[in-house]
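The structure under discussion appears below in the form of structure tokens.
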Amino acid sequence: MIKQLAHLNFFSNQAPALLDFYVNKLGLAVKFTLNHDDGTAFGWYIDCGTQTFIEIFDQQGAVKQWGGQVAELKRGSLYRHLCFEVQDIEGYVQSLTAKGVSVTPIRVGMDHSKQAWVKDPDGNDIELMEYTTESLQVQ
């Protein structure tokens, strides 16, 4: 069962400018960062209240962490996915599969939350996330 929108994700080649806008201009706060093994931050969770976030990834840092290719980013290609917080991710994934929806296996992400992925009919990525007691979002 979907509880709420968890986050919107953006890739950027100008993460410092985005952070300045959301934090210093709009007055939101960074809840936590995702870091490479060397401690370099490449992802920032901006707190929007009630465990809802804007997630910003530096494109080069995300590619370094998870692979892929650095691509030209232009207006309209910066949005990457939306994420719904769900309750009982195992049961929800099972119900989606029973309805013929293709769902990735459930895994635990860097933020210590359970996650699975689906695509809508247009091919947009949708992350399904269940927070755990170890999730950075709830610390």
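Ordering of the structure tokens sets the chain letters (A, B, ...); residue numbers start at 1 within each chain; ligands are numbered from 1 in the order shown.
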Next on the checklist: Need to verify the contact set: His81 in chain A, 8 Å, only C-alpha atoms, exclusion of same-chain residues closer than 3 positions in sequence. Can you return it as a PyMOL selection string?
Outcome noted: chain A and resi 8-10+124-127
Item to check | DSSP alpha helix (DSSP H) residues within chain A, as JSON, numbers by chain | outcome: {"A": [15, 16, 17, 18, 19, 59, 60, 61, 62, 63, 64, 65, 66, 89, 90, 91, 92, 93, 94, 95, 96, 97, 98]}
Print the selection's residues with N, CA and C atoms to a file, as a short mmCIF file (atom, residue, chain, number, x, y, z; two decimals), in the first residue's frame.
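Contents of the output file part31.cif:
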```cif
data_model
loop_
_atom_site.label_atom_id
_atom_site.label_comp_id
_atom_site.auth_asym_id
_atom_site.auth_seq_id
_atom_site.Cartn_x
_atom_site.Cartn_y
_atom_site.Cartn_z
N ALA A 15 25.30 20.60 -8.90
CA ALA A 15 24.73 20.30 -7.59
C ALA A 15 24.93 21.45 -6.59
N PRO A 16 26.10 22.11 -6.53
CA PRO A 16 26.23 23.22 -5.58
C PRO A 16 25.20 24.32 -5.79
N ALA A 17 24.88 24.63 -7.05
CA ALA A 17 23.87 25.66 -7.33
C ALA A 17 22.49 25.19 -6.90
N LEU A 18 22.17 23.91 -7.14
CA LEU A 18 20.87 23.39 -6.70
C LEU A 18 20.78 23.40 -5.17
N LEU A 19 21.83 22.97 -4.51
CA LEU A 19 21.84 22.98 -3.05
C LEU A 19 21.67 24.40 -2.52
N GLN A 59 25.69 14.11 -11.25
CA GLN A 59 25.70 13.08 -12.28
C GLN A 59 27.01 12.29 -12.30
N GLN A 60 28.15 12.96 -12.30
CA GLN A 60 29.42 12.25 -12.36
C GLN A 60 29.63 11.36 -11.13
N GLY A 61 29.21 11.85 -9.97
CA GLY A 61 29.33 11.06 -8.75
C GLY A 61 28.44 9.83 -8.77
N ALA A 62 27.22 9.98 -9.31
CA ALA A 62 26.29 8.85 -9.40
C ALA A 62 26.83 7.80 -10.37
N VAL A 63 27.38 8.24 -11.49
CA VAL A 63 27.97 7.30 -12.46
C VAL A 63 29.16 6.58 -11.83
N LYS A 64 29.97 7.31 -11.08
CA LYS A 64 31.11 6.69 -10.39
C LYS A 64 30.62 5.62 -9.41
N GLN A 65 29.53 5.89 -8.72
CA GLN A 65 29.03 4.97 -7.70
C GLN A 65 28.32 3.76 -8.32
N TRP A 66 27.45 3.99 -9.30
CA TRP A 66 26.57 2.93 -9.79
C TRP A 66 26.80 2.52 -11.24
N ILE A 89 6.50 -3.75 1.82
CA ILE A 89 6.97 -3.79 0.43
C ILE A 89 6.87 -5.19 -0.16
N GLU A 90 7.13 -6.21 0.64
CA GLU A 90 7.04 -7.58 0.13
C GLU A 90 5.61 -7.89 -0.34
N GLY A 91 4.63 -7.57 0.47
CA GLY A 91 3.23 -7.81 0.11
C GLY A 91 2.79 -6.96 -1.06
N TYR A 92 3.27 -5.70 -1.10
CA TYR A 92 2.89 -4.81 -2.19
C TYR A 92 3.47 -5.29 -3.51
N VAL A 93 4.74 -5.69 -3.49
CA VAL A 93 5.37 -6.23 -4.70
C VAL A 93 4.64 -7.48 -5.17
N GLN A 94 4.26 -8.33 -4.24
CA GLN A 94 3.52 -9.54 -4.59
C GLN A 94 2.18 -9.18 -5.25
N SER A 95 1.49 -8.17 -4.72
CA SER A 95 0.20 -7.78 -5.31
C SER A 95 0.39 -7.18 -6.70
N LEU A 96 1.47 -6.42 -6.92
CA LEU A 96 1.74 -5.86 -8.24
C LEU A 96 2.06 -6.97 -9.25
N THR A 97 2.86 -7.92 -8.81
CA THR A 97 3.21 -9.04 -9.68
C THR A 97 1.96 -9.82 -10.08
N ALA A 98 1.05 -10.00 -9.13
CA ALA A 98 -0.22 -10.71 -9.41
C ALA A 98 -1.06 -9.95 -10.44
#
```
Item to check | Long-range neighbours of Tyr22 in chain A as a PyMOL selection string, 12 Å cut-off, only C-alpha atoms, 4 positions minimum in chain | outcome: chain A and resi 15-18+26-30+44-48+53-56
Next on the checklist: To one decimal place in Å, what is the distance between CA of Phe32 in chain A and CA of Thr52 in chain A?
Outcome noted: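 Going from CA of Phe32 in chain A over to CA of Thr52 in chain A, I get 12.7 Å.
One distance worth recording is that between CA of Glu130 in chain A and CA of Phe42 in chain A, which is 22.3 Å.
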Next on the checklist: Give me, as a list in words, all polymer residues having an atom no more than 10 Å from Tyr131 in chain A, counting only C-alpha atoms and skipping those fewer than 5 positions away in the same chain.
Outcome noted: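 Once the adjacent positions are removed, what remains is Ala6, Gln51, Glu85, Val86, Gln87, Asp88, Ile89, Val108, Asp111, His112, Ser113, Lys114, Gln115, Leu136, Gln137 and Val138 of chain A.
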Selection file, C-alpha atoms, as a PDB file, in the first residue's frame:
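And here's selection-v6.pdb as it stands now:
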```pdb
ATOM      1  CA  ALA A   6       8.786   9.795  -0.637  1.00  0.00           C
ATOM      2  CA  GLN A  51       9.730  12.247   5.473  1.00  0.00           C
ATOM      3  CA  GLU A  85       6.955   5.234   0.393  1.00  0.00           C
ATOM      4  CA  VAL A  86       5.100   1.950   0.783  1.00  0.00           C
ATOM      5  CA  GLN A  87       3.996  -0.185   3.681  1.00  0.00           C
ATOM      6  CA  ASP A  88       4.838  -3.926   3.568  1.00  0.00           C
ATOM      7  CA  ILE A  89       6.975  -3.790   0.433  1.00  0.00           C
ATOM      8  CA  VAL A 108      18.419  -2.634   0.513  1.00  0.00           C
ATOM      9  CA  ASP A 111      20.242   4.637   2.665  1.00  0.00           C
ATOM     10  CA  HIS A 112      19.363   1.321   4.410  1.00  0.00           C
ATOM     11  CA  SER A 113      15.807   1.346   3.014  1.00  0.00           C
ATOM     12  CA  LYS A 114      14.153  -1.540   1.171  1.00  0.00           C
ATOM     13  CA  GLN A 115      13.455  -0.722  -2.468  1.00  0.00           C
ATOM     14  CA  LEU A 136      18.744   7.428   7.040  1.00  0.00           C
ATOM     15  CA  GLN A 137      15.402   9.134   6.279  1.00  0.00           C
ATOM     16  CA  VAL A 138      14.104   8.332   9.774  1.00  0.00           C
TER      17      VAL A 138
END
```
